[in-house]
file upload.txt (compact mmCIF, C-alpha atoms and all ligand atoms)
# COMPACT_ATOMS: atom_id res chain seq x y z
CA MET A 1 59.69 12.38 19.20
CA ALA A 2 59.18 9.66 21.79
CA ARG A 3 61.26 6.65 22.81
CA PHE A 4 60.06 3.56 24.58
CA THR A 5 60.43 -0.19 24.63
CA LEU A 6 57.63 -1.89 22.71
CA ASN A 7 57.20 -5.65 23.06
CA GLY A 8 60.87 -5.89 24.00
CA LYS A 9 62.18 -3.69 21.18
CA SER A 10 63.58 -0.22 21.57
CA THR A 11 61.29 2.04 19.55
CA THR A 12 61.45 5.67 18.49
CA VAL A 13 58.59 7.54 16.85
CA ASP A 14 58.53 11.01 15.39
CA VAL A 15 55.12 12.36 16.36
CA ASP A 16 53.57 15.26 18.21
CA PRO A 17 54.02 14.47 21.94
CA SER A 18 50.29 14.89 22.53
CA THR A 19 49.38 12.08 20.11
CA PRO A 20 47.49 9.35 21.96
CA LEU A 21 49.55 6.19 22.38
CA LEU A 22 46.80 4.15 20.67
CA TRP A 23 47.31 6.00 17.39
CA VAL A 24 51.08 5.73 17.65
CA LEU A 25 50.77 1.97 18.07
CA ARG A 26 48.27 1.54 15.25
CA GLU A 27 49.39 4.13 12.71
CA GLN A 28 53.08 4.80 13.31
CA VAL A 29 54.18 1.32 14.39
CA GLY A 30 51.51 -0.70 12.57
CA LEU A 31 50.39 -2.84 15.49
CA THR A 32 46.65 -2.97 14.93
CA GLY A 33 45.74 -5.59 17.54
CA THR A 34 44.98 -2.79 20.00
CA LYS A 35 41.55 -1.43 19.12
CA TYR A 36 39.75 1.90 19.16
CA GLY A 37 36.33 1.68 20.80
CA CYS A 38 35.14 4.78 22.63
CA GLY A 39 38.20 7.04 22.66
CA VAL A 40 37.35 8.29 26.15
CA ALA A 41 38.87 5.62 28.43
CA GLN A 42 35.53 3.90 29.06
CA CYS A 43 35.43 0.67 27.06
CA GLY A 44 38.91 -0.84 27.49
CA ALA A 45 39.35 -1.94 23.85
CA CYS A 46 42.65 -0.03 23.74
CA THR A 47 44.20 -1.59 26.87
CA VAL A 48 47.95 -2.23 26.84
CA HIS A 49 50.49 -2.77 29.61
CA ILE A 50 52.74 0.10 30.59
CA ASP A 51 55.48 -1.06 32.92
CA GLY A 52 53.18 -4.03 33.62
CA ALA A 53 50.05 -2.03 34.48
CA ALA A 54 46.89 -2.27 32.37
CA THR A 55 46.40 1.15 30.80
CA ARG A 56 43.86 2.55 28.33
CA SER A 57 45.95 3.94 25.52
CA CYS A 58 43.31 6.06 23.75
CA VAL A 59 43.65 9.01 26.10
CA LEU A 60 47.33 8.68 27.01
CA PRO A 61 49.68 11.09 25.23
CA VAL A 62 52.74 9.33 23.88
CA SER A 63 54.88 11.76 25.90
CA ALA A 64 53.67 9.94 29.05
CA VAL A 65 55.37 6.69 28.02
CA GLU A 66 58.83 8.12 27.37
CA GLY A 67 61.36 5.51 28.54
CA LYS A 68 58.66 3.03 29.61
CA LYS A 69 58.04 -0.57 28.70
CA ILE A 70 54.90 -1.18 26.68
CA THR A 71 53.40 -4.57 25.92
CA THR A 72 50.57 -4.96 23.44
CA ILE A 73 48.53 -8.04 22.54
CA GLU A 74 51.14 -8.78 19.85
CA GLY A 75 53.81 -9.13 22.55
CA LEU A 76 51.87 -11.06 25.19
CA ALA A 77 52.78 -14.59 24.09
CA ASP A 78 56.24 -15.92 24.87
CA GLY A 79 57.41 -16.74 21.35
CA LYS A 80 55.11 -19.50 20.15
CA THR A 81 53.79 -20.24 23.62
CA LEU A 82 50.56 -18.39 24.21
CA HIS A 83 50.05 -16.62 27.53
CA LYS A 84 47.87 -18.62 29.94
CA VAL A 85 45.07 -16.09 29.47
CA GLN A 86 45.15 -16.60 25.70
CA GLN A 87 45.10 -20.37 26.22
CA ALA A 88 42.10 -20.14 28.55
CA TRP A 89 40.36 -17.86 26.03
CA ILE A 90 40.71 -20.52 23.34
CA LYS A 91 39.56 -23.29 25.67
CA HIS A 92 36.43 -21.34 26.63
CA ASP A 93 35.76 -20.03 23.11
CA VAL A 94 35.47 -16.54 24.57
CA PRO A 95 35.59 -14.23 21.54
CA GLN A 96 32.55 -13.59 19.39
CA CYS A 97 33.26 -10.67 17.04
CA GLY A 98 36.60 -10.31 18.81
CA TYR A 99 36.77 -6.54 18.71
CA CYS A 100 37.02 -6.00 22.48
CA GLN A 101 39.11 -9.07 23.16
CA SER A 102 42.67 -7.76 22.85
CA GLY A 103 41.94 -5.17 25.49
CA MET A 104 40.04 -7.67 27.62
CA ILE A 105 42.93 -10.16 27.52
CA MET A 106 45.49 -7.49 28.38
CA ALA A 107 43.39 -6.31 31.32
CA VAL A 108 43.02 -9.89 32.58
CA ALA A 109 46.73 -10.68 32.17
CA ALA A 110 47.57 -7.67 34.36
CA LEU A 111 44.94 -8.67 36.92
CA LEU A 112 46.38 -12.19 37.23
CA LYS A 113 49.87 -10.81 37.69
CA ASP A 114 48.67 -8.68 40.60
CA LYS A 115 46.16 -11.20 41.98
CA PRO A 116 46.94 -14.75 40.84
CA LYS A 117 43.63 -16.08 42.28
CA PRO A 118 41.09 -13.28 41.80
CA THR A 119 37.65 -13.55 43.35
CA ASP A 120 34.50 -12.62 41.45
CA ALA A 121 34.56 -9.32 43.37
CA ASP A 122 38.14 -8.69 42.19
CA ILE A 123 37.06 -9.41 38.61
CA ASN A 124 34.04 -7.10 38.90
CA ALA A 125 36.20 -4.31 40.28
CA THR A 126 39.05 -4.65 37.80
CA ILE A 127 37.72 -5.96 34.52
CA THR A 128 35.47 -3.09 33.54
CA ASN A 129 36.02 -3.60 29.80
CA ILE A 130 32.87 -3.48 27.71
CA CYS A 131 31.96 -6.29 25.32
CA ARG A 132 29.04 -5.55 23.03
CA CYS A 133 28.74 -9.24 22.23
CA GLY A 134 28.13 -10.02 25.90
CA THR A 135 30.95 -12.50 26.47
CA PHE A 136 31.12 -11.66 30.18
CA GLN A 137 30.21 -15.14 31.46
CA GLN A 138 32.84 -16.81 29.29
CA VAL A 139 35.38 -14.16 30.30
CA ARG A 140 34.77 -14.90 33.97
CA ALA A 141 35.02 -18.66 33.49
CA ALA A 142 38.23 -18.29 31.48
CA ILE A 143 39.76 -16.02 34.13
CA HIS A 144 39.12 -18.61 36.85
CA ASP A 145 40.56 -21.31 34.60
CA ALA A 146 43.66 -19.28 33.78
CA ALA A 147 44.12 -18.68 37.52
CA LYS A 148 44.49 -22.44 37.99
CA ALA A 149 47.20 -22.75 35.31
S1 LIG B 1 39.00 3.11 23.13
FE1 LIG B 1 40.17 3.43 24.91
S2 LIG B 1 38.83 2.90 26.51
FE2 LIG B 1 37.60 2.81 24.74
S1 LIG B 2 33.53 -10.15 21.42
FE1 LIG B 2 32.44 -8.65 20.26
S2 LIG B 2 32.61 -6.84 21.44
FE2 LIG B 2 33.44 -8.37 22.70
call {"tool": "encode", "arguments": {"input": "upload.txt", "output": "structure tokens", "more": "lines below"}}
Ligand code: FES
Ligand code: FES
result
Amino acid sequence: MARFTLNGKSTTVDVDPSTPLLWVLREQVGLTGTKYGCGVAQCGACTVHIDGAATRSCVLPVSAVEGKKITTIEGLADGKTLHKVQQAWIKHDVPQCGYCQSGMIMAVAALLKDKPKPTDADINATITNICRCGTFQQVRAAIHDAAKA
């Protein structure tokens, strides 16, 4: 059993406490926007926010989020108003296959909260998500654009 707040809603799941959060989100709760890539905290496809911090959910046991606030890609927009990162992503046509993009967007949203005007060095140090489609240039341009919003 684990209890947490998920995208603003109090949520309880009945699972083994060692179950990775990613699988709880996808299989117990049915939020499939958060993706499974590597399963070993390397690619970033599974990034969500936990108490505002970008966190890779594939290796995090659900017991570690007891009582915490989790935001997934499904909860990033404010109602019908997309988050500024999502808006910049659309403007720059960032996604190709899209598989890595939920995690990428969540990582960038957390970066901009901590550093509203990140430098290229900040981006290199923080956005270590892997995109097999090679959208890195568009990602960088969209981050700088979102930072102006
Ligand atoms: S699936 Fe979690 S970092 Fe790759
Ligand atoms: S858009 Fe395809 S893996 Fe990133």
call {"tool": "atom_distance", "arguments": {"input": "upload.txt", "atom1": "atom CA of Pro95 of chain A", "atom2": "atom FE1 of ligand LIG 2 (chain B)"}}
result
6.5 Å
call {"tool": "residues_near_ligand", "arguments": {"input": "upload.txt", "ligand": "ligand LIG 2 (chain B)", "cutoff": "7 Å", "atoms": "only C-alpha atoms and all ligand atoms", "output": "list in words"}}
result
Pro95, Gln96, Cys97, Gly98, Tyr99, Cys100, Gln101, Cys131, Arg132, Cys133, Gly134 and Thr135 of chain A
call {"tool": "closest_atom_pairs", "arguments": {"input": "upload.txt", "of": "chain A", "to": "ligand LIG 1 (chain B)", "cutoff": "6 Å", "atoms": "all atoms listed in the file", "output": "tab-separated table"}}
result
residue	atom	partner	partner_atom	distance
A:Tyr36	CA	B:LIG1	S1	4.2
A:Gly37	CA	B:LIG1	S1	3.8
A:Cys38	CA	B:LIG1	FE2	3.8
A:Gly39	CA	B:LIG1	S1	4.0
A:Val40	CA	B:LIG1	S2	5.6
A:Ala41	CA	B:LIG1	S2	3.3
A:Gln42	CA	B:LIG1	S2	4.3
A:Cys43	CA	B:LIG1	FE2	3.8
A:Gly44	CA	B:LIG1	S2	3.9
A:Ala45	CA	B:LIG1	S1	5.1
A:Cys46	CA	B:LIG1	FE1	4.4
A:Arg56	CA	B:LIG1	FE1	5.1
A:Ser57	CA	B:LIG1	FE1	5.8
A:Cys58	CA	B:LIG1	FE1	4.3
call {"tool": "residues_around", "arguments": {"input": "upload.txt", "residues": "segment 102-117 of chain A", "least_positions_apart": "2", "cutoff": "9 Å", "atoms": "all atoms listed in the file", "output": "PyMOL selection string"}}
result
chain A and resi 33-35+43-49+52-56+71-73+76+83-86+89+98-100+119+122-123+126-131+139+143-144+146-148
call {"tool": "closest_residue", "arguments": {"input": "upload.txt", "among": "A:Pro118, A:Val94, A:Gly8, A:Gln28", "to": "Phe136 of chain A", "atoms": "only C-alpha atoms"}}
result
A:Val94
call {"tool": "atom_distance", "arguments": {"input": "upload.txt", "atom1": "atom CA of Gly75 of chain A", "atom2": "atom CA of Ala142 of chain A"}}
result
20.2 Å
call {"tool": "residues_around", "arguments": {"input": "upload.txt", "residues": "Asp51 of chain A", "least_positions_apart": "3", "cutoff": "8 Å", "atoms": "only C-alpha atoms", "output": "MDAnalysis selection string"}}
result
chainID A and resid 68:70
call {"tool": "axis_aligned_box", "arguments": {"input": "upload.txt", "around": "segment 134-143 of chain A", "padding_each_side": "6 Å", "output": "AutoDock Vina command-line options"}}
result
--center_x 33.9 --center_y -14.3 --center_z 30.0 --size_x 23.6 --size_y 20.6 --size_z 20.2
call {"tool": "atom_distance", "arguments": {"input": "upload.txt", "atom1": "atom CA of Ala88 of chain A", "atom2": "atom CA of Asn124 of chain A"}}
result
18.5 Å
call {"tool": "residues_near_point", "arguments": {"input": "upload.txt", "point": "(49.6, 10.5, 26.1)", "cutoff": "6 Å", "atoms": "all atoms listed in the file", "output": "list in words"}}
result
Ser18, Pro20, Leu21, Leu60, Pro61, Val62, Ser63 and Ala64 of chain A
call {"tool": "closest_residue", "arguments": {"input": "upload.txt", "among": "A:Lys9, A:Ala121, A:Glu74, A:Arg140", "to": "Arg26 of chain A", "atoms": "only C-alpha atoms"}}
result
A:Glu74
call {"tool": "closest_residue", "arguments": {"input": "upload.txt", "among": "A:Ile50, A:Gln137, A:Val65, A:Ala149", "to": "Gln87 of chain A", "atoms": "all atoms listed in the file"}}
result
A:Ala149
